[in-house]
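Beneath this line is the structure, given in structure tokens, with notes to follow.
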Amino acid sequence: MTPEKPAFRPRIYLAGPDVFFPNRDGIFRDLKNRCERAGLAGVAPIDATIQRSAADSEDQWAQAIYDGNVALLRDADGCIANLQSFRGLEPDSGTVFEVGFAVALGKPVVVYGVPPGTYAERVAAMLACERDAEGALREAANGTTVEGLGQRLNLMLTRSTHLAPDAEAAIAWMARLLGGGP
């Protein structure tokens, strides 16, 4: 009798500002457990193998983190990203980079954490805005156009990803996309 070969579990890069939160280990543990139940293998940015010595400069440390995270993304079969608003009205810029990188690699990306309503509605609730003669929403202070088109985020994100209501739904969606499952 030959030993049973372990089932393939698609590797999913778990992007998001979660790396900055004091409870990040618990957040990633929970996301990985949810992935496991869905037949996926979750991989967090903090899983990157990074060597650091006391002699390393901050620039060397930053490069090592970048290289480690890019390597994890290249090895992943897909990406699930938390695009919650972070330090403002937009998602974390590093997470947005990771989403774009995964999309450029042809990997499926499912996102969650996006506030309800459109981006334009959220901006208008925080900044004085007005409509111009053509109906475009602009910031009143400087005339900058507020991207509309009814999208919940910048259209480059909404048109290149699958938008799920929460992490659990994002994981289930990714499992369907990649044929994972218990």
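If you're wondering about the labels, chains in the structure tokens are A, B, ... by order shown, residues count from 1 in each chain, ligands from 1 in order shown.
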Mind checking which residues fall within 12 Å of Met126 in chain A, counting only C-alpha atoms, ignoring those fewer than 5 positions away in the same chain, and posting them as a VMD selection string?
chain A and resid 88 to 89 119 to 121 139 to 140 146
Export, as a short mmCIF file (atom, residue, chain, number, x, y, z; two decimals), in the first residue's frame, the selected residues with C-alpha atoms.
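What landed in again27.cif:
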data_model
loop_
_atom_site.label_atom_id
_atom_site.label_comp_id
_atom_site.auth_asym_id
_atom_site.auth_seq_id
_atom_site.Cartn_x
_atom_site.Cartn_y
_atom_site.Cartn_z
CA GLY A 88 -7.17 58.13 5.65
CA LEU A 89 -9.74 57.42 2.97
CA TYR A 119 -15.45 56.34 -2.94
CA ALA A 120 -16.92 59.67 -4.04
CA GLU A 121 -19.52 59.51 -1.26
CA GLU A 139 -12.89 69.23 -4.03
CA ALA A 140 -14.09 72.76 -3.26
CA VAL A 146 -13.04 63.16 -7.08
#
Test item: residues at most 10 Å from Cys35 in chain A, only C-alpha atoms, excluding those fewer than 2 positions along its chain, as an NGL selection string:
:A and (9-12 or 14 or 29-33 or 37-43 or 167-168 or 170-172 or 174-175 or 180-181)
Determine the nearest neighbour of Asp18 in chain A from the options A:Ala44, A:Val109, A:Ala136, A:Ala128, counting only C-alpha atoms.
A:Ala44
Quick one, how far is CA of Ala133 in chain A from CA of Arg152 in chain A?
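Separating CA of Ala133 in chain A from CA of Arg152 in chain A is a distance of 23.9 Å.
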What is the CA of Ala76 in chain A to CA of Tyr112 in chain A distance in Å?
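These two atoms are separated by 18.3 Å.
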